[in-house]
>>> print(open('final-v5.tsv').read())   # TSV, C-alpha atoms
chain	number	residue	atom	x	y	z
A	1	MET	CA	-27.19	7.53	12.32
A	2	PRO	CA	-30.71	7.26	13.82
A	3	PRO	CA	-32.26	10.47	15.12
A	4	ARG	CA	-32.26	11.28	18.80
A	5	ILE	CA	-35.80	11.23	20.24
A	6	THR	CA	-36.24	13.47	23.30
A	7	PRO	CA	-39.46	13.48	25.35
A	8	LEU	CA	-40.78	16.95	26.09
A	9	THR	CA	-43.22	18.31	28.66
A	10	ASP	CA	-46.45	20.00	27.58
A	11	PRO	CA	-47.01	22.79	30.11
A	12	ALA	CA	-50.72	23.27	29.41
A	13	PRO	CA	-53.00	20.24	29.84
A	14	ALA	CA	-56.55	20.76	28.59
A	15	ALA	CA	-59.71	20.15	30.57
A	16	SER	CA	-60.40	16.81	28.88
A	17	SER	CA	-56.99	15.68	27.66
A	18	ARG	CA	-53.26	15.83	28.19
A	19	ARG	CA	-50.45	15.76	25.64
A	20	LEU	CA	-47.15	13.96	25.32
A	21	ALA	CA	-44.49	15.38	23.02
A	22	TRP	CA	-41.19	14.34	21.45
A	23	LEU	CA	-38.48	16.17	19.53
A	24	ALA	CA	-36.30	14.43	16.94
A	25	SER	CA	-32.82	15.88	16.46
A	26	ASP	CA	-29.57	14.98	14.76
A	27	ALA	CA	-26.17	14.36	16.37
A	28	GLU	CA	-25.50	18.11	16.58
A	29	GLY	CA	-28.87	18.80	18.20
A	30	ALA	CA	-30.53	20.35	15.15
A	31	PRO	CA	-34.30	19.69	15.22
A	32	LEU	CA	-35.61	17.35	12.52
A	33	GLY	CA	-39.22	16.83	13.50
A	34	SER	CA	-41.71	16.52	16.33
A	35	ALA	CA	-44.62	14.40	17.48
A	36	TYR	CA	-47.54	14.95	19.81
A	37	VAL	CA	-50.00	12.46	21.25
A	38	ARG	CA	-53.19	13.74	22.84
A	39	LEU	CA	-54.50	11.36	25.50
A	40	PHE	CA	-58.19	12.02	26.12
A	41	THR	CA	-59.19	11.89	29.76
A	42	ASP	CA	-62.93	12.46	29.58
A	43	GLU	CA	-65.52	9.74	30.01
A	44	GLY	CA	-66.26	7.97	26.72
A	45	ARG	CA	-62.84	8.66	25.13
A	46	ARG	CA	-60.29	7.27	27.57
A	47	HIS	CA	-59.52	4.54	25.03
A	48	LEU	CA	-58.39	7.05	22.40
A	49	ALA	CA	-55.11	8.77	21.52
A	50	GLU	CA	-54.62	11.34	18.76
A	51	LEU	CA	-51.32	11.65	16.91
A	52	GLU	CA	-49.62	14.56	15.14
A	53	ILE	CA	-46.23	14.14	13.45
A	54	ALA	CA	-44.28	16.80	11.59
A	55	VAL	CA	-40.93	16.17	9.86
A	56	HIS	CA	-38.92	18.81	8.01
A	57	ALA	CA	-39.25	18.23	4.26
A	58	ALA	CA	-35.48	17.85	3.84
A	59	GLU	CA	-35.36	15.12	6.49
A	60	ARG	CA	-38.09	12.84	5.19
A	61	ARG	CA	-37.36	9.23	4.19
A	62	ARG	CA	-34.49	9.06	6.69
A	63	GLY	CA	-36.27	7.29	9.53
A	64	VAL	CA	-37.25	10.41	11.48
A	65	GLY	CA	-41.01	9.93	11.16
A	66	GLY	CA	-40.73	6.24	11.93
A	67	ALA	CA	-38.73	6.89	15.09
A	68	LEU	CA	-41.22	9.48	16.28
A	69	LEU	CA	-44.11	7.15	15.49
A	70	ASP	CA	-42.49	4.32	17.47
A	71	ALA	CA	-42.12	6.57	20.51
A	72	ALA	CA	-45.69	7.81	20.26
A	73	THR	CA	-47.18	4.36	19.72
A	74	THR	CA	-45.25	2.88	22.64
A	75	ALA	CA	-46.45	5.65	24.94
A	76	ALA	CA	-50.07	5.36	23.84
A	77	ARG	CA	-50.03	1.59	24.29
A	78	ALA	CA	-48.37	1.89	27.71
A	79	ASP	CA	-51.14	4.28	28.76
A	80	GLY	CA	-53.72	1.61	27.94
A	81	ARG	CA	-55.06	3.24	24.79
A	82	ARG	CA	-57.01	1.07	22.36
A	83	SER	CA	-56.85	3.25	19.26
A	84	LEU	CA	-54.42	5.78	17.81
A	85	VAL	CA	-55.87	8.19	15.23
A	86	ALA	CA	-54.19	10.71	12.95
A	87	GLN	CA	-55.27	12.95	10.09
A	88	ALA	CA	-53.49	13.84	6.85
A	89	GLY	CA	-54.33	15.74	3.70
A	90	THR	CA	-55.33	13.49	0.82
A	91	GLY	CA	-52.26	12.69	-1.28
A	92	SER	CA	-49.87	14.43	1.14
A	93	PRO	CA	-46.62	12.90	2.45
A	94	GLY	CA	-48.47	12.24	5.72
A	95	ASP	CA	-51.17	10.34	3.86
A	96	LEU	CA	-48.61	8.05	2.27
A	97	PHE	CA	-46.62	7.71	5.51
A	98	LEU	CA	-49.60	6.60	7.63
A	99	ALA	CA	-50.83	4.16	4.98
A	100	ALA	CA	-47.40	2.53	4.89
A	101	ARG	CA	-47.13	2.30	8.69
A	102	GLY	CA	-50.06	0.06	9.54
A	103	PHE	CA	-52.78	2.69	9.81
A	104	ARG	CA	-56.06	2.14	7.98
A	105	ARG	CA	-58.34	4.77	6.47
A	106	VAL	CA	-61.49	5.15	8.53
A	107	LEU	CA	-62.96	8.53	7.55
A	108	ALA	CA	-62.83	10.93	4.60
A	109	LEU	CA	-63.36	14.66	5.19
A	110	THR	CA	-64.08	17.62	2.95
A	111	TYR	CA	-62.90	21.06	4.06
A	112	ALA	CA	-64.78	24.07	2.71
A	113	ARG	CA	-64.72	27.86	2.99
A	114	LEU	CA	-67.37	30.55	2.60
A	115	PRO	CA	-65.81	33.78	1.25
A	116	LEU	CA	-67.48	36.70	3.02
A	117	PRO	CA	-66.47	39.99	1.31
A	118	ASP	CA	-68.49	39.32	-1.86
A	119	LEU	CA	-71.24	37.28	-0.20
A	120	ASP	CA	-74.79	38.00	-1.38
A	121	LEU	CA	-76.53	38.54	1.95
A	122	THR	CA	-79.91	38.67	0.25
A	123	GLN	CA	-79.95	34.89	-0.11
A	124	ILE	CA	-78.63	34.33	3.41
A	125	ASP	CA	-81.21	36.71	4.88
A	126	ALA	CA	-83.99	34.92	3.04
A	127	VAL	CA	-82.98	31.60	4.61
A	128	ALA	CA	-82.45	33.05	8.10
A	129	GLU	CA	-85.78	34.91	8.06
A	130	ARG	CA	-87.84	31.99	6.80
A	131	PRO	CA	-90.38	31.05	9.50
A	132	HIS	CA	-90.22	27.61	11.08
A	133	PRO	CA	-93.54	27.01	12.88
A	134	GLY	CA	-93.03	25.74	16.42
A	135	TYR	CA	-89.41	26.87	16.60
A	136	ALA	CA	-87.50	30.06	17.45
A	137	LEU	CA	-83.89	31.16	16.96
A	138	THR	CA	-81.72	32.52	19.75
A	139	HIS	CA	-78.02	33.28	20.07
A	140	TRP	CA	-75.40	34.16	22.67
A	141	ASP	CA	-71.74	35.12	22.94
A	142	GLY	CA	-69.19	33.18	24.97
A	143	VAL	CA	-70.51	31.05	27.84
A	144	VAL	CA	-74.10	29.86	27.53
A	145	PRO	CA	-76.56	31.88	29.66
A	146	PRO	CA	-77.46	30.09	32.93
A	147	ALA	CA	-81.13	29.79	31.94
A	148	LEU	CA	-80.17	27.77	28.84
A	149	ALA	CA	-77.15	25.90	30.18
A	150	ALA	CA	-78.85	22.63	31.18
A	151	GLY	CA	-80.86	22.46	27.96
A	152	PHE	CA	-77.80	23.27	25.84
A	153	ALA	CA	-75.81	20.49	27.51
A	154	LEU	CA	-78.65	18.02	26.82
A	155	SER	CA	-78.83	19.12	23.18
A	156	ARG	CA	-75.19	18.14	22.63
A	157	ARG	CA	-76.34	14.54	22.11
A	158	ALA	CA	-77.28	15.80	18.63
A	159	MET	CA	-73.65	15.04	17.76
A	160	ASP	CA	-73.68	11.47	19.08
A	161	ASP	CA	-74.73	9.99	15.73
A	162	MET	CA	-72.51	12.25	13.63
A	163	PRO	CA	-71.15	10.09	10.79
A	164	MET	CA	-67.70	8.86	11.84
A	165	GLU	CA	-67.64	5.73	9.64
A	166	GLU	CA	-65.15	3.25	11.12
A	167	THR	CA	-63.43	5.66	13.53
A	168	ASP	CA	-63.22	4.37	17.10
A	169	TYR	CA	-63.99	7.86	18.37
A	170	GLY	CA	-66.15	7.00	21.36
A	171	THR	CA	-68.80	9.29	22.79
A	172	VAL	CA	-68.30	12.72	24.34
A	173	VAL	CA	-70.34	13.03	27.54
A	174	TRP	CA	-71.64	16.57	28.00
A	175	ASP	CA	-72.89	18.34	31.10
A	176	VAL	CA	-73.12	21.99	32.14
A	177	ASP	CA	-69.58	22.05	33.52
A	178	ARG	CA	-68.20	20.78	30.23
A	179	VAL	CA	-70.01	23.25	27.97
A	180	VAL	CA	-68.90	26.09	30.26
A	181	ALA	CA	-65.30	24.84	30.31
A	182	VAL	CA	-65.15	24.59	26.50
A	183	ALA	CA	-66.44	28.14	26.11
A	184	GLU	CA	-64.02	29.47	28.70
A	185	ALA	CA	-61.11	27.73	26.95
A	186	VAL	CA	-61.95	29.50	23.69
A	187	LEU	CA	-62.18	32.86	25.44
A	188	LYS	CA	-58.90	32.23	27.26
A	189	ARG	CA	-57.20	31.78	23.88
A	190	GLY	CA	-58.33	35.29	22.98
A	191	GLU	CA	-60.96	34.16	20.50
A	192	ALA	CA	-64.70	34.83	20.41
A	193	LEU	CA	-67.31	32.07	20.56
A	194	HIS	CA	-70.76	32.70	19.09
A	195	THR	CA	-73.59	30.19	19.31
A	196	VAL	CA	-76.89	30.14	17.44
A	197	ALA	CA	-79.52	27.76	18.82
A	198	VAL	CA	-83.05	26.65	18.02
A	199	LEU	CA	-85.66	26.51	20.78
A	200	ASP	CA	-88.79	24.40	20.78
A	201	ARG	CA	-91.60	26.92	21.37
A	202	THR	CA	-93.71	24.37	23.25
A	203	ASP	CA	-91.33	24.08	26.19
A	204	GLY	CA	-88.37	26.38	25.46
A	205	SER	CA	-85.91	23.49	25.21
A	206	VAL	CA	-82.76	23.71	23.08
A	207	VAL	CA	-83.12	21.32	20.12
A	208	GLY	CA	-80.19	22.39	17.95
A	209	PHE	CA	-77.07	24.58	17.90
A	210	SER	CA	-74.37	25.93	15.62
A	211	GLU	CA	-71.08	27.30	16.98
A	212	LEU	CA	-68.61	29.69	15.37
A	213	VAL	CA	-65.17	30.67	16.70
A	214	VAL	CA	-63.84	34.04	15.50
A	215	PRO	CA	-60.24	35.30	15.78
A	216	GLY	CA	-59.78	37.87	18.51
A	217	ASP	CA	-59.06	40.70	16.07
A	218	GLY	CA	-62.12	39.90	13.95
A	219	ARG	CA	-59.99	39.33	10.84
A	220	GLY	CA	-58.98	36.35	8.74
A	221	ASP	CA	-61.12	33.22	8.79
A	222	ALA	CA	-63.50	32.04	11.50
A	223	GLN	CA	-64.04	28.34	12.20
A	224	HIS	CA	-67.34	26.53	12.56
A	225	TYR	CA	-67.35	24.10	15.48
A	226	GLY	CA	-70.32	21.81	16.06
A	227	THR	CA	-73.65	22.09	14.25
A	228	GLY	CA	-76.31	19.60	15.24
A	229	VAL	CA	-80.05	19.02	15.57
A	230	LEU	CA	-81.62	16.49	17.93
A	231	PRO	CA	-82.83	13.44	15.95
A	232	GLU	CA	-86.46	13.96	16.91
A	233	HIS	CA	-86.41	17.47	15.43
A	234	ARG	CA	-84.68	16.76	12.13
A	235	GLY	CA	-86.34	17.16	8.76
A	236	HIS	CA	-87.50	20.75	9.36
A	237	GLY	CA	-84.52	22.60	7.88
A	238	LEU	CA	-83.23	23.70	11.28
A	239	GLY	CA	-79.57	23.07	10.47
A	240	LEU	CA	-79.72	25.29	7.40
A	241	TRP	CA	-81.66	27.92	9.37
A	242	MET	CA	-79.09	28.09	12.18
A	243	LYS	CA	-76.08	28.18	9.90
A	244	ALA	CA	-77.59	30.96	7.79
A	245	GLU	CA	-78.24	32.99	10.94
A	246	SER	CA	-74.65	32.35	12.08
A	247	ILE	CA	-73.34	33.63	8.74
A	248	ARG	CA	-75.53	36.71	8.89
A	249	LEU	CA	-74.45	37.61	12.41
A	250	ALA	CA	-70.78	37.09	11.57
A	251	ARG	CA	-71.02	39.30	8.50
A	252	GLU	CA	-72.77	42.08	10.42
A	253	ARG	CA	-70.56	42.01	13.49
A	254	TYR	CA	-67.18	41.38	11.84
A	255	PRO	CA	-67.00	43.38	8.58
A	256	GLU	CA	-63.27	42.59	8.23
A	257	LEU	CA	-63.73	38.83	8.51
A	258	SER	CA	-62.54	37.11	5.31
A	259	GLY	CA	-64.29	33.76	5.43
A	260	LEU	CA	-65.85	30.91	7.41
A	261	LEU	CA	-64.23	27.47	7.53
A	262	THR	CA	-65.93	24.13	8.01
A	263	ASP	CA	-65.10	20.44	7.67
A	264	THR	CA	-67.57	17.62	7.09
A	265	ALA	CA	-67.39	13.85	6.78
A	266	ASP	CA	-68.00	12.76	3.19
A	267	SER	CA	-70.71	10.41	4.50
A	268	ASN	CA	-72.62	13.30	6.12
A	269	ALA	CA	-74.80	14.08	3.10
A	270	PRO	CA	-77.25	16.41	4.93
A	271	MET	CA	-74.50	18.74	6.18
A	272	LEU	CA	-72.70	18.70	2.84
A	273	ALA	CA	-75.99	19.76	1.22
A	274	ILE	CA	-76.38	22.61	3.75
A	275	ASN	CA	-72.87	23.88	3.04
A	276	ASP	CA	-73.46	23.70	-0.70
A	277	ALA	CA	-76.77	25.56	-0.45
A	278	LEU	CA	-75.13	28.39	1.51
A	279	GLY	CA	-72.23	28.80	-0.91
A	280	TYR	CA	-69.33	27.06	0.84
A	281	LEU	CA	-66.61	26.07	-1.63
A	282	PRO	CA	-64.47	22.93	-1.10
A	283	THR	CA	-60.81	23.75	-0.48
A	284	HIS	CA	-59.18	20.38	0.18
A	285	ARG	CA	-59.82	16.86	1.44
A	286	ALA	CA	-58.30	14.89	4.27
A	287	VAL	CA	-58.27	11.32	5.55
A	288	GLU	CA	-58.58	10.14	9.13
A	289	TYR	CA	-56.38	7.13	9.86
A	290	GLN	CA	-56.52	4.70	12.75
A	291	ARG	CA	-54.16	2.12	14.19
A	292	ASP	CA	-55.55	-0.46	16.59
A	293	LEU	CA	-53.22	-0.82	19.56
>>> encode(input="final-v5.tsv", output="C-alpha cells")
Amino acid sequence: MPPRITPLTDPAPAASSRRLAWLASDAEGAPLGSAYVRLFTDEGRRHLAELEIAVHAAERRRGVGGALLDAATTAARADGRRSLVAQAGTGSPGDLFLAARGFRRVLALTYARLPLPDLDLTQIDAVAERPHPGYALTHWDGVVPPALAAGFALSRRAMDDMPMEETDYGTVVWDVDRVVAVAEAVLKRGEALHTVAVLDRTDGSVVGFSELVVPGDGRGDAQHYGTGVLPEHRGHGLGLWMKAESIRLARERYPELSGLLTDTADSNAPMLAINDALGYLPTHRAVEYQRDL
C-alpha cells in the first residue's frame, strides 16, 4: 500500500525564504518519513528550491522517498522554480537515491573540523599577528556596527564568484537590511555571531570578512559561515589572516568550545589550502545534486 503524503504548514518563514513540508505515514498513521522544500524569495534566487528528504531506515526501498520526492517536485514546479537542489553525504543512501531519481551531481564538498582543546595557539597567533601593510583587522559581535554596515554589505560581493561548479545557485543580493536581518536571525536562535573583517587603511572600506556562529552555551562545535575577500584585494593572505584571528578569538572567549566546523567546495583550492594550513581535519564529504525542473 502506498504511503499517505500529508502536507504540513511551516509556522516560521525566514526573511528570504519559505518552506513547504510533507509527512509520509502508513495506513495506521505511523510516520515513515518527511520532506521539506525551501523556496527562496530573495532577488537572485527566486528560481531555486532546496530539498531535504528523510526516510526511516526500516522504511527505505518501499516507495516512501519516491512519494515524498514526487510531492516536493510537483510543488516546486508549480511555484515556477527552475532548479531543485539537494545535498547528501558521499556514498550515503541519499546519495544513491538522488542519483537514481534524475538528479545530477553538480558540486562536491569537503567538511572539516578544527579541534580546539589541544590546539597550538602559538602557530595561530603567529599568523594572526603577522603584519599586512595597508590593511587592518577589526571584529564585532552580532549586528554589524552602523559605521561599517554599508561597507560590509558591499563587501559581500566577495562571495559572488565562490566556486559552485554547475550549481544553478543564482546570486545573493546584499544590502544593509539583509546583513542586519541575517545577524538578528542568528541571535534570535540563541546563538552568537562573531565577525572578523579586514579594512583597507587608505579609505577604511571593508575588503574581506569571516563569520563564525557559536552555540549559545559556548560549548560543542561552532560553525564558520562565509569567508571572503574582494577580488581586487586577493593575493595578500587576507583570508588566512582573518580566519586565524577568528580562531584565536574563539579560543580565548569560549574555553569550553570543542571545535570549529567548515565546509568547502572541492574546486575552491585557495580556501582548502587555508583550512589545511590552520590545522582543519577533513571529517566527511558530500555531494550537491540538482534536478532541472
>>> axis_aligned_box(input="final-v5.tsv", around="range 56-74 of chain A", padding_each_side="4 Å", output="lines of an AutoDock Vina configuration file")
center_x = -40.8
center_y = 10.8
center_z = 13.2
size_x = 20.7
size_y = 23.9
size_z = 26.8
>>> closest_residue(input="final-v5.tsv", among="A:Ala112, A:Val287, A:Leu249, A:Met1", to="Asp95 in chain A", atoms="only C-alpha atoms")
A:Val287
>>> residues_around(input="final-v5.tsv", residues="Leu212 in chain A", least_positions_apart="3", cutoff="10 Å", atoms="only C-alpha atoms", output="list in words")
Asp141, Ala192, Leu193, His194, Thr195, Val196, Ala222, Gln223, His224, Tyr225, Gly226, Thr227, Lys243, Ser246, Ile247, Ala250, Leu260, Leu261 and Thr262 of chain A
>>> write_last_selection(input="final-v5.tsv", atoms="C-alpha atoms", output="mmCIF file, in the coordinates of the input")
data_model
loop_
_atom_site.group_PDB
_atom_site.id
_atom_site.type_symbol
_atom_site.label_atom_id
_atom_site.label_comp_id
_atom_site.auth_asym_id
_atom_site.auth_seq_id
_atom_site.Cartn_x
_atom_site.Cartn_y
_atom_site.Cartn_z
ATOM 1 C CA ASP A 141 -71.740 35.120 22.940
ATOM 2 C CA ALA A 192 -64.700 34.830 20.410
ATOM 3 C CA LEU A 193 -67.310 32.070 20.560
ATOM 4 C CA HIS A 194 -70.760 32.700 19.090
ATOM 5 C CA THR A 195 -73.590 30.190 19.310
ATOM 6 C CA VAL A 196 -76.890 30.140 17.440
ATOM 7 C CA ALA A 222 -63.500 32.040 11.500
ATOM 8 C CA GLN A 223 -64.040 28.340 12.200
ATOM 9 C CA HIS A 224 -67.340 26.530 12.560
ATOM 10 C CA TYR A 225 -67.350 24.100 15.480
ATOM 11 C CA GLY A 226 -70.320 21.810 16.060
ATOM 12 C CA THR A 227 -73.650 22.090 14.250
ATOM 13 C CA LYS A 243 -76.080 28.180 9.900
ATOM 14 C CA SER A 246 -74.650 32.350 12.080
ATOM 15 C CA ILE A 247 -73.340 33.630 8.740
ATOM 16 C CA ALA A 250 -70.780 37.090 11.570
ATOM 17 C CA LEU A 260 -65.850 30.910 7.410
ATOM 18 C CA LEU A 261 -64.230 27.470 7.530
ATOM 19 C CA THR A 262 -65.930 24.130 8.010
#
>>> closest_residue(input="final-v5.tsv", among="A:Arg4, A:Arg201, A:Arg156, A:His139", to="Ala67 in chain A", atoms="all atoms listed in the file")
A:Arg4
>>> closest_residue(input="final-v5.tsv", among="A:Ala185, A:Leu114, A:Leu68, A:Ala286", to="Ala88 in chain A", atoms="only C-alpha atoms")
A:Ala286
>>> residues_near_point(input="final-v5.tsv", point="(-59.3, 13.2, 4.9)", cutoff="10 Å", atoms="all atoms listed in the file", output="JSON, numbers by chain")
{"A": [86, 87, 88, 89, 90, 91, 95, 105, 106, 107, 108, 109, 110, 111, 263, 264, 265, 266, 284, 285, 286, 287, 288, 289]}
>>> residues_around(input="final-v5.tsv", residues="His47 in chain A", least_positions_apart="2", cutoff="6 Å", atoms="all atoms listed in the file", output="list in words")
Arg45, Arg81 and Arg82 of chain A
>>> atom_distance(input="final-v5.tsv", atom1="CA of Pro131 in chain A", atom2="CA of Tyr280 in chain A")
23.1 Å
>>> closest_residue(input="final-v5.tsv", among="A:Ala128, A:Ala269, A:Leu257, A:Ala54", to="Arg219 in chain A", atoms="all atoms listed in the file")
A:Leu257
>>> residues_around(input="final-v5.tsv", residues="Arg46 in chain A", least_positions_apart="3", cutoff="12 Å", atoms="all atoms listed in the file", output="PyMOL selection string")
chain A and resi 16-18+38-43+49-50+76+79-84+168-173
>>> atom_distance(input="final-v5.tsv", atom1="CA of Thr283 in chain A", atom2="CA of Leu119 in chain A")
17.1 Å
>>> closest_residue(input="final-v5.tsv", among="A:Val176, A:Val198, A:Leu116, A:Ala158", to="Pro145 in chain A", atoms="all atoms listed in the file")
A:Val176
>>> atom_distance(input="final-v5.tsv", atom1="CA of Gly220 in chain A", atom2="CA of Gly279 in chain A")
18.0 Å
>>> closest_residue(input="final-v5.tsv", among="A:Ile53, A:Thr74, A:Pro3, A:Gly44", to="Leu293 in chain A", atoms="all atoms listed in the file")
A:Thr74
>>> residues_around(input="final-v5.tsv", residues="Leu278 in chain A", least_positions_apart="3", cutoff="12 Å", atoms="only C-alpha atoms", output="PDB file with C-alpha atoms, in the coordinates of the input")
ATOM      1  CA  ALA A 112     -64.780  24.070   2.710  1.00  0.00           C
ATOM      2  CA  ARG A 113     -64.720  27.860   2.990  1.00  0.00           C
ATOM      3  CA  LEU A 114     -67.370  30.550   2.600  1.00  0.00           C
ATOM      4  CA  PRO A 115     -65.810  33.780   1.250  1.00  0.00           C
ATOM      5  CA  LEU A 116     -67.480  36.700   3.020  1.00  0.00           C
ATOM      6  CA  LEU A 119     -71.240  37.280  -0.200  1.00  0.00           C
ATOM      7  CA  ASP A 120     -74.790  38.000  -1.380  1.00  0.00           C
ATOM      8  CA  LEU A 121     -76.530  38.540   1.950  1.00  0.00           C
ATOM      9  CA  THR A 122     -79.910  38.670   0.250  1.00  0.00           C
ATOM     10  CA  GLN A 123     -79.950  34.890  -0.110  1.00  0.00           C
ATOM     11  CA  ILE A 124     -78.630  34.330   3.410  1.00  0.00           C
ATOM     12  CA  ASP A 125     -81.210  36.710   4.880  1.00  0.00           C
ATOM     13  CA  ALA A 126     -83.990  34.920   3.040  1.00  0.00           C
ATOM     14  CA  VAL A 127     -82.980  31.600   4.610  1.00  0.00           C
ATOM     15  CA  ALA A 128     -82.450  33.050   8.100  1.00  0.00           C
ATOM     16  CA  GLY A 239     -79.570  23.070  10.470  1.00  0.00           C
ATOM     17  CA  LEU A 240     -79.720  25.290   7.400  1.00  0.00           C
ATOM     18  CA  TRP A 241     -81.660  27.920   9.370  1.00  0.00           C
ATOM     19  CA  MET A 242     -79.090  28.090  12.180  1.00  0.00           C
ATOM     20  CA  LYS A 243     -76.080  28.180   9.900  1.00  0.00           C
ATOM     21  CA  ALA A 244     -77.590  30.960   7.790  1.00  0.00           C
ATOM     22  CA  GLU A 245     -78.240  32.990  10.940  1.00  0.00           C
ATOM     23  CA  SER A 246     -74.650  32.350  12.080  1.00  0.00           C
ATOM     24  CA  ILE A 247     -73.340  33.630   8.740  1.00  0.00           C
ATOM     25  CA  ARG A 248     -75.530  36.710   8.890  1.00  0.00           C
ATOM     26  CA  LEU A 260     -65.850  30.910   7.410  1.00  0.00           C
ATOM     27  CA  MET A 271     -74.500  18.740   6.180  1.00  0.00           C
ATOM     28  CA  LEU A 272     -72.700  18.700   2.840  1.00  0.00           C
ATOM     29  CA  ALA A 273     -75.990  19.760   1.220  1.00  0.00           C
ATOM     30  CA  ILE A 274     -76.380  22.610   3.750  1.00  0.00           C
ATOM     31  CA  ASN A 275     -72.870  23.880   3.040  1.00  0.00           C
ATOM     32  CA  LEU A 281     -66.610  26.070  -1.630  1.00  0.00           C
TER      33      LEU A 281
END
>>> residues_around(input="final-v5.tsv", residues="Arg61 in chain A", least_positions_apart="5", cutoff="10 Å", atoms="only C-alpha atoms", output="NGL selection string")
:A and (55 or 66 or 97)
>>> residues_near_point(input="final-v5.tsv", point="(-61.8, 20.8, 25.5)", cutoff="7 Å", atoms="only C-alpha atoms", output="MDAnalysis selection string")
chainID A and resid 14:16 182
>>> build_atoms(input="final-v5.tsv", residues="range 235-246 of chain A", atoms="N, CA, C and O atoms", output="short mmCIF file (atom, residue, chain, number, x, y, z; two decimals), keeping the file's coordinate frame")
data_model
loop_
_atom_site.label_atom_id
_atom_site.label_comp_id
_atom_site.auth_asym_id
_atom_site.auth_seq_id
_atom_site.Cartn_x
_atom_site.Cartn_y
_atom_site.Cartn_z
N GLY A 235 -85.39 17.16 9.87
CA GLY A 235 -86.34 17.16 8.76
C GLY A 235 -87.12 18.45 8.61
O GLY A 235 -88.02 18.53 7.77
N HIS A 236 -86.79 19.47 9.42
CA HIS A 236 -87.50 20.75 9.36
C HIS A 236 -86.62 21.89 8.85
O HIS A 236 -87.01 23.06 8.94
N GLY A 237 -85.42 21.56 8.38
CA GLY A 237 -84.52 22.60 7.88
C GLY A 237 -83.86 23.43 8.95
O GLY A 237 -83.39 24.55 8.68
N LEU A 238 -83.78 22.91 10.17
CA LEU A 238 -83.23 23.70 11.28
C LEU A 238 -81.73 23.91 11.15
O LEU A 238 -81.21 24.97 11.55
N GLY A 239 -81.01 22.92 10.64
CA GLY A 239 -79.57 23.07 10.47
C GLY A 239 -79.23 24.19 9.50
O GLY A 239 -78.36 25.03 9.76
N LEU A 240 -79.92 24.23 8.38
CA LEU A 240 -79.72 25.29 7.40
C LEU A 240 -80.09 26.64 7.99
O LEU A 240 -79.39 27.65 7.79
N TRP A 241 -81.17 26.69 8.73
CA TRP A 241 -81.66 27.92 9.37
C TRP A 241 -80.61 28.49 10.32
O TRP A 241 -80.26 29.68 10.27
N MET A 242 -80.08 27.64 11.21
CA MET A 242 -79.09 28.09 12.18
C MET A 242 -77.81 28.57 11.51
O MET A 242 -77.24 29.60 11.88
N LYS A 243 -77.35 27.81 10.52
CA LYS A 243 -76.08 28.18 9.90
C LYS A 243 -76.22 29.48 9.11
O LYS A 243 -75.29 30.31 9.09
N ALA A 244 -77.37 29.69 8.49
CA ALA A 244 -77.59 30.96 7.79
C ALA A 244 -77.59 32.12 8.78
O ALA A 244 -77.02 33.19 8.50
N GLU A 245 -78.23 31.94 9.92
CA GLU A 245 -78.24 32.99 10.94
C GLU A 245 -76.82 33.25 11.47
O GLU A 245 -76.43 34.41 11.71
N SER A 246 -76.03 32.20 11.63
CA SER A 246 -74.65 32.35 12.08
C SER A 246 -73.84 33.16 11.08
O SER A 246 -73.05 34.03 11.45
#
